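Text of input-v6.cif (mmCIF, C-alpha atoms) as supplied:
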data_work
#
loop_
_atom_site.group_PDB
_atom_site.id
_atom_site.type_symbol
_atom_site.label_atom_id
_atom_site.label_comp_id
_atom_site.auth_asym_id
_atom_site.auth_seq_id
_atom_site.Cartn_x
_atom_site.Cartn_y
_atom_site.Cartn_z
ATOM 1 C CA MET E 1 1.050 28.066 6.609
ATOM 2 C CA THR E 2 1.901 24.766 4.953
ATOM 3 C CA SER E 3 -0.133 21.589 4.902
ATOM 4 C CA SER E 4 2.115 19.960 7.494
ATOM 5 C CA HIS E 5 1.402 22.787 9.959
ATOM 6 C CA ARG E 6 -2.286 22.248 9.547
ATOM 7 C CA ARG E 7 -2.159 18.475 9.945
ATOM 8 C CA PRO E 8 0.907 17.419 11.911
ATOM 9 C CA SER E 9 -0.730 14.144 12.897
ATOM 10 C CA VAL E 10 -0.493 12.863 9.319
ATOM 11 C CA GLU E 11 3.193 13.648 9.216
ATOM 12 C CA ILE E 12 3.832 11.973 12.567
ATOM 13 C CA PHE E 13 1.793 8.943 11.477
ATOM 14 C CA SER E 14 3.879 8.369 8.372
ATOM 15 C CA MET E 15 7.148 8.862 10.210
ATOM 16 C CA LEU E 16 6.145 6.390 12.885
ATOM 17 C CA PHE E 17 4.542 3.800 10.629
ATOM 18 C CA GLY E 18 7.774 2.486 9.157
ATOM 19 C CA ILE E 19 9.492 2.367 12.531
ATOM 20 C CA VAL E 20 6.606 0.609 14.248
ATOM 21 C CA TYR E 21 6.210 -1.772 11.320
ATOM 22 C CA SER E 22 9.880 -2.719 11.423
ATOM 23 C CA ARG E 23 9.568 -3.406 15.130
ATOM 24 C CA ALA E 24 6.298 -5.282 14.686
ATOM 25 C CA SER E 25 7.709 -7.436 11.897
ATOM 26 C CA THR E 26 9.936 -9.157 14.430
ATOM 27 C CA TRP E 27 6.862 -10.101 16.418
ATOM 28 C CA THR E 28 5.668 -13.629 15.818
ATOM 29 C CA GLY E 29 2.989 -13.676 18.459
ATOM 30 C CA ARG E 30 0.017 -15.869 17.812
ATOM 31 C CA ARG E 31 -2.443 -13.039 18.286
ATOM 32 C CA SER E 32 -1.264 -11.444 15.074
ATOM 33 C CA ALA E 33 -1.279 -14.675 13.106
ATOM 34 C CA ILE E 34 -3.797 -15.739 10.517
ATOM 35 C CA ILE E 35 -3.748 -19.263 9.165
ATOM 36 C CA PRO E 36 -4.668 -19.674 5.491
ATOM 37 C CA THR E 37 -6.744 -22.704 4.626
ATOM 38 C CA ARG E 38 -8.618 -23.795 1.530
ATOM 39 C CA ALA E 39 -11.909 -22.840 3.105
ATOM 40 C CA GLY E 40 -10.795 -19.417 4.303
ATOM 41 C CA PHE E 41 -8.891 -17.847 7.129
ATOM 42 C CA ILE E 42 -8.861 -19.106 10.671
ATOM 43 C CA SER E 43 -7.506 -17.220 13.624
ATOM 44 C CA ARG E 44 -7.633 -20.023 16.206
ATOM 45 C CA ILE E 45 -4.360 -21.820 15.752
ATOM 46 C CA THR E 46 -3.810 -25.468 16.435
ATOM 47 C CA PRO E 47 -0.481 -27.302 16.267
ATOM 48 C CA GLN E 48 -1.612 -29.099 13.124
ATOM 49 C CA ASP E 49 -1.901 -25.872 11.181
ATOM 50 C CA GLY E 50 0.756 -24.791 8.789
ATOM 51 C CA PRO E 51 2.712 -21.542 8.666
ATOM 52 C CA ALA E 52 0.726 -18.487 9.580
ATOM 53 C CA ILE E 53 0.443 -15.162 7.784
ATOM 54 C CA LEU E 54 1.714 -12.452 10.101
ATOM 55 C CA TRP E 55 1.666 -9.567 7.641
ATOM 56 C CA TYR E 56 -1.899 -8.438 8.349
ATOM 57 C CA GLY E 57 -1.183 -8.312 12.055
ATOM 58 C CA TRP E 58 1.999 -6.311 11.535
ATOM 59 C CA VAL E 59 0.280 -3.730 9.321
ATOM 60 C CA THR E 60 -2.672 -3.439 11.682
ATOM 61 C CA ALA E 61 -0.414 -3.048 14.713
ATOM 62 C CA ALA E 62 1.698 -0.421 12.956
ATOM 63 C CA ALA E 63 -1.387 1.515 11.867
ATOM 64 C CA VAL E 64 -3.049 1.449 15.276
ATOM 65 C CA VAL E 65 0.059 2.327 17.283
ATOM 66 C CA SER E 66 1.157 5.031 14.857
ATOM 67 C CA ALA E 67 -2.305 6.569 14.743
ATOM 68 C CA ALA E 68 -2.555 6.636 18.524
ATOM 69 C CA ILE E 69 0.863 8.232 19.012
ATOM 70 C CA ALA E 70 0.248 10.678 16.159
ATOM 71 C CA ARG E 71 -3.035 11.756 17.700
ATOM 72 C CA VAL E 72 -1.452 12.345 21.085
ATOM 73 C CA GLY E 73 1.584 14.057 19.564
ATOM 74 C CA ALA E 74 -0.503 16.340 17.373
ATOM 75 C CA ALA E 75 -2.658 17.305 20.353
ATOM 76 C CA SER E 76 0.410 18.178 22.408
ATOM 77 C CA ILE E 77 1.864 20.245 19.565
ATOM 78 C CA GLY E 78 -1.320 22.071 18.751
ATOM 79 C CA MET N 1 -9.990 -16.255 -14.810
ATOM 80 C CA ILE N 2 -6.322 -16.088 -13.948
ATOM 81 C CA VAL N 3 -5.611 -14.600 -17.379
ATOM 82 C CA ALA N 4 -8.130 -11.824 -16.789
ATOM 83 C CA LEU N 5 -6.582 -11.112 -13.402
ATOM 84 C CA LEU N 6 -3.145 -10.964 -14.956
ATOM 85 C CA ILE N 7 -4.368 -8.521 -17.597
ATOM 86 C CA VAL N 8 -5.964 -6.282 -14.956
ATOM 87 C CA HIS N 9 -2.799 -6.447 -12.905
ATOM 88 C CA GLY N 10 -0.752 -5.405 -15.918
ATOM 89 C CA LEU N 11 -3.136 -2.546 -16.712
ATOM 90 C CA LEU N 12 -2.859 -1.276 -13.145
ATOM 91 C CA ALA N 13 0.908 -1.439 -13.372
ATOM 92 C CA VAL N 14 0.778 0.653 -16.549
ATOM 93 C CA ALA N 15 -1.534 3.137 -14.827
ATOM 94 C CA LEU N 16 0.930 3.455 -11.953
ATOM 95 C CA LEU N 17 3.761 4.008 -14.397
ATOM 96 C CA GLY N 18 1.730 6.699 -16.156
ATOM 97 C CA ALA N 19 0.916 8.443 -12.890
ATOM 98 C CA ILE N 20 4.503 8.493 -11.682
ATOM 99 C CA THR N 21 5.704 9.664 -15.108
ATOM 100 C CA HIS N 22 3.257 12.560 -15.018
ATOM 101 C CA GLN N 23 4.490 13.544 -11.595
ATOM 102 C CA ALA N 24 8.124 13.299 -12.620
ATOM 103 C CA LEU N 25 7.410 15.567 -15.583
ATOM 104 C CA SER N 26 5.514 18.063 -13.460
ATOM 105 C CA VAL N 27 8.442 18.724 -11.105
ATOM 106 C CA ARG N 28 10.867 19.670 -13.876
ATOM 107 C CA PRO N 29 12.272 23.182 -13.311
ATOM 108 C CA GLU N 30 11.107 24.369 -16.703
ATOM 109 C CA ALA N 31 7.652 22.891 -16.258
ATOM 110 C CA GLY N 32 5.460 25.698 -15.032
ATOM 111 C CA GLY N 33 2.064 27.157 -15.467
ATOM 112 C CA CYS N 34 -1.339 25.633 -15.589
ATOM 113 C CA ARG N 35 -0.254 22.472 -17.335
ATOM 114 C CA ALA N 36 2.221 21.559 -14.593
ATOM 115 C CA ALA N 37 -0.309 22.430 -11.913
ATOM 116 C CA LEU N 38 -2.892 20.231 -13.577
ATOM 117 C CA LEU N 39 -0.375 17.408 -13.880
ATOM 118 C CA ARG N 40 0.479 17.704 -10.204
ATOM 119 C CA ARG N 41 -3.134 17.775 -9.131
ATOM 120 C CA THR N 42 -4.260 14.850 -11.263
ATOM 121 C CA GLY N 43 -1.067 12.886 -10.702
ATOM 122 C CA SER N 44 -1.431 12.943 -6.939
ATOM 123 C CA GLY N 45 -4.984 11.664 -6.925
ATOM 124 C CA ALA N 46 -4.355 9.126 -9.657
ATOM 125 C CA TRP N 47 -1.254 7.792 -7.991
ATOM 126 C CA THR N 48 -2.913 7.463 -4.594
ATOM 127 C CA ALA N 49 -6.026 5.820 -6.028
ATOM 128 C CA ALA N 50 -4.056 3.446 -8.232
ATOM 129 C CA ARG N 51 -1.750 2.526 -5.381
ATOM 130 C CA ILE N 52 -4.640 1.731 -3.065
ATOM 131 C CA ARG N 53 -6.490 -0.159 -5.776
ATOM 132 C CA ASP N 54 -3.468 -2.210 -6.698
ATOM 133 C CA GLY N 55 -2.771 -2.981 -3.063
ATOM 134 C CA HIS N 56 -6.388 -4.008 -2.601
ATOM 135 C CA ARG N 57 -6.214 -6.247 -5.631
ATOM 136 C CA ARG N 58 -3.122 -7.879 -4.241
ATOM 137 C CA ALA N 59 -4.857 -8.498 -0.936
ATOM 138 C CA VAL N 60 -8.335 -9.520 -2.003
ATOM 139 C CA CYS N 61 -9.398 -10.601 -5.450
ATOM 140 C CA ARG N 62 -12.538 -12.092 -6.836
ATOM 141 C CA HIS N 63 -12.301 -15.520 -8.373
ATOM 142 C CA GLY N 64 -14.580 -17.435 -10.679
ATOM 143 C CA ASP N 65 -16.618 -18.953 -7.897
ATOM 144 C CA ARG N 66 -17.839 -15.451 -6.935
ATOM 145 C CA ARG N 67 -16.365 -15.659 -3.464
ATOM 146 C CA ARG N 68 -13.750 -13.287 -2.207
ATOM 147 C CA ARG N 69 -10.472 -15.001 -1.664
ATOM 148 C CA SER N 70 -7.171 -13.582 -0.663
ATOM 149 C CA CYS N 71 -4.371 -13.582 -3.200
ATOM 150 C CA ILE N 72 -1.891 -13.601 -0.334
ATOM 151 C CA ARG N 73 -3.539 -16.716 1.025
ATOM 152 C CA ASN N 74 -3.375 -18.427 -2.359
ATOM 153 C CA ALA N 75 0.263 -17.396 -2.676
ATOM 154 C CA ARG N 76 0.993 -18.844 0.733
ATOM 155 C CA LEU N 77 -0.742 -22.113 0.023
ATOM 156 C CA ASP N 78 0.256 -22.718 -3.575
ATOM 157 C CA VAL N 79 3.207 -20.605 -4.607
ATOM 158 C CA ARG N 80 5.220 -20.434 -1.436
ATOM 159 C CA THR N 81 5.067 -24.140 -0.726
ATOM 160 C CA ALA N 82 6.290 -24.863 -4.246
ATOM 161 C CA LEU N 83 9.098 -22.347 -3.902
ATOM 162 C CA GLU N 84 10.190 -23.836 -0.612
ATOM 163 C CA ASP N 85 10.042 -27.367 -1.985
ATOM 164 C CA LEU N 86 12.239 -26.307 -4.891
ATOM 165 C CA GLN N 87 14.659 -24.486 -2.539
ATOM 166 C CA MET N 88 14.130 -21.194 -4.412
ATOM 167 C CA ARG N 89 15.068 -18.958 -1.529
ATOM 168 C CA ALA N 90 15.834 -15.885 -3.631
ATOM 169 C CA ALA N 91 12.354 -15.802 -5.157
ATOM 170 C CA ASN N 92 10.801 -16.355 -1.765
ATOM 171 C CA GLY N 93 12.871 -13.551 -0.261
ATOM 172 C CA VAL N 94 11.965 -11.122 -3.024
ATOM 173 C CA PHE N 95 8.296 -11.749 -2.329
ATOM 174 C CA GLU N 96 8.850 -11.063 1.365
ATOM 175 C CA ILE N 97 10.729 -7.829 0.614
ATOM 176 C CA LYS N 98 7.903 -6.740 -1.676
ATOM 177 C CA GLU N 99 5.407 -7.266 1.128
ATOM 178 C CA HIS N 100 7.465 -5.063 3.451
ATOM 179 C CA LEU N 101 7.779 -2.335 0.831
ATOM 180 C CA VAL N 102 4.027 -2.409 0.226
ATOM 181 C CA ALA N 103 3.410 -1.986 3.955
ATOM 182 C CA ILE N 104 5.835 0.929 4.316
ATOM 183 C CA GLY N 105 4.335 2.535 1.209
ATOM 184 C CA LEU N 106 0.877 2.281 2.753
ATOM 185 C CA GLY N 107 2.104 4.238 5.759
ATOM 186 C CA LEU N 108 3.606 6.934 3.564
ATOM 187 C CA LEU N 109 0.496 7.427 1.430
ATOM 188 C CA PRO N 110 -1.333 9.912 3.736
ATOM 189 C CA THR N 111 1.643 12.260 3.972
ATOM 190 C CA TYR N 112 2.308 11.916 0.273
ATOM 191 C CA TRP N 113 -1.257 12.919 -0.518
ATOM 192 C CA LEU N 114 -1.088 15.789 1.968
ATOM 193 C CA PHE N 115 2.141 17.299 0.681
ATOM 194 C CA TRP N 116 1.552 16.870 -3.008
ATOM 195 C CA LYS N 117 -0.587 19.945 -3.503
ATOM 196 C CA ALA N 118 -0.670 21.907 -6.681
ATOM 197 C CA PRO N 119 0.397 25.542 -6.463
ATOM 198 C CA PRO N 120 -2.033 28.191 -7.638
ATOM 199 C CA CYS N 121 -2.108 28.585 -11.392
ATOM 200 C CA ARG N 122 -0.915 32.140 -12.037
ATOM 201 C CA SER N 123 1.132 31.987 -15.174
ATOM 202 C CA ARG N 124 -1.497 32.770 -17.747
ATOM 203 C CA PRO N 125 -4.750 34.296 -16.563
ATOM 204 C CA LEU N 126 -7.835 33.433 -18.492
ATOM 205 C CA ARG N 127 -8.674 37.110 -18.899
ATOM 206 C CA ALA N 128 -5.531 37.619 -20.980
ATOM 207 C CA GLY N 129 -6.734 35.034 -23.455
ATOM 208 C CA ILE N 130 -10.131 36.667 -23.707
#

Written as structure tokens, that's how I'd like the structure from this file.
Amino acid sequence: MTSSHRRPSVEIFSMLFGIVYSRASTWTGRRSAIIPTRAGFISRITPQDGPAILWYGWVTAAAVVSAAIARVGAASIG
Amino acid sequence: MIVALLIVHGLLAVALLGAITHQALSVRPEAGGCRAALLRRTGSGAWTAARIRDGHRRAVCRHGDRRRRSCIRNARLDVRTALEDLQMRAANGVFEIKEHLVAIGLGLLPTYWLFWKAPPCRSRPLRAGI
């Protein structure tokens, strides 16, 4: 029995992460945006703010979605 | 402070190079026995830890004012605006590609750690040496 047979969820997670991330990286929704300022980050965006950082939202979305699908997929396999 | 951060960043890059070199050496066909197994075992942990630590340092670093500030935020505010003002699109694009590669690498880390297991060391039993 190999490691992948014991933990298929990890394998599914990694396979899905890149796909979900590539899909999420086209998403420019304001909920995933973080605005950098000199004082820190703000998440409430106003029109006066500059360009937002979307990377954190993309990574978080990819991790959450991949983990959820991997959990369900591993449960259905096992 | 920025010099110290640059030195630490360089040291981490050297550590990553060392870890990946150890792993490359350990998968040679002629590399067998306890030494290769040890290289595989230590290389996996070292690579994963160094990768996470380097990624963390890229994301959050401590500055002289003892407050945590994001390096990505500083890059966005200071570096990226200068690059865009100077119309340096290639440099800007390379930074964006690097961010995507870091993200995809983060997703691959769990499976990498799971699969990179050392085989049992059977080539030279300790009893034979005794």

Sorted per-residue table, chain E near chain N, closest atoms and distance, 6 Å, all atoms listed in the file, as a Markdown table:
| residue | atom | partner | partner_atom | distance |
| --- | --- | --- | --- | --- |
| E:Val10 | CA | N:Thr111 | CA | 5.8 |
| E:Glu11 | CA | N:Thr111 | CA | 5.6 |
| E:Ser14 | CA | N:Leu108 | CA | 5.0 |
| E:Phe17 | CA | N:Gly107 | CA | 5.5 |
| E:Gly18 | CA | N:Ile104 | CA | 5.4 |
| E:Pro36 | CA | N:Arg73 | CA | 5.5 |

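Between atom CA of N:Leu83 and atom CA of E:Leu54 the separation is 18.7 Å.
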
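When atom CA of E:Ala67 is paired with atom CA of N:Lys98, their separation reads 23.5 Å.
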
Quiz item: Which of these, E:Trp27, E:Tyr21, E:Arg7, E:Phe13, has the shortest distance to E:Ala62 once you count all atoms listed in the file?
Solution: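 Smallest distance to E:Ala62 is found for E:Tyr21.
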
Quiz item: What is the distance between atom CA of N:Leu11 and atom CA of N:Arg80, in Å to one decimal?
Solution: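 Interatomic distance, atom CA of N:Leu11 to atom CA of N:Arg80: 25.0 Å.
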
Quiz prompt | Chain and number of each residue from the PyMOL selection byres ((chain E and resi 75) around 12), as a PyMOL selection string | solution = chain E and resi 6-9+12+68-74+76-78
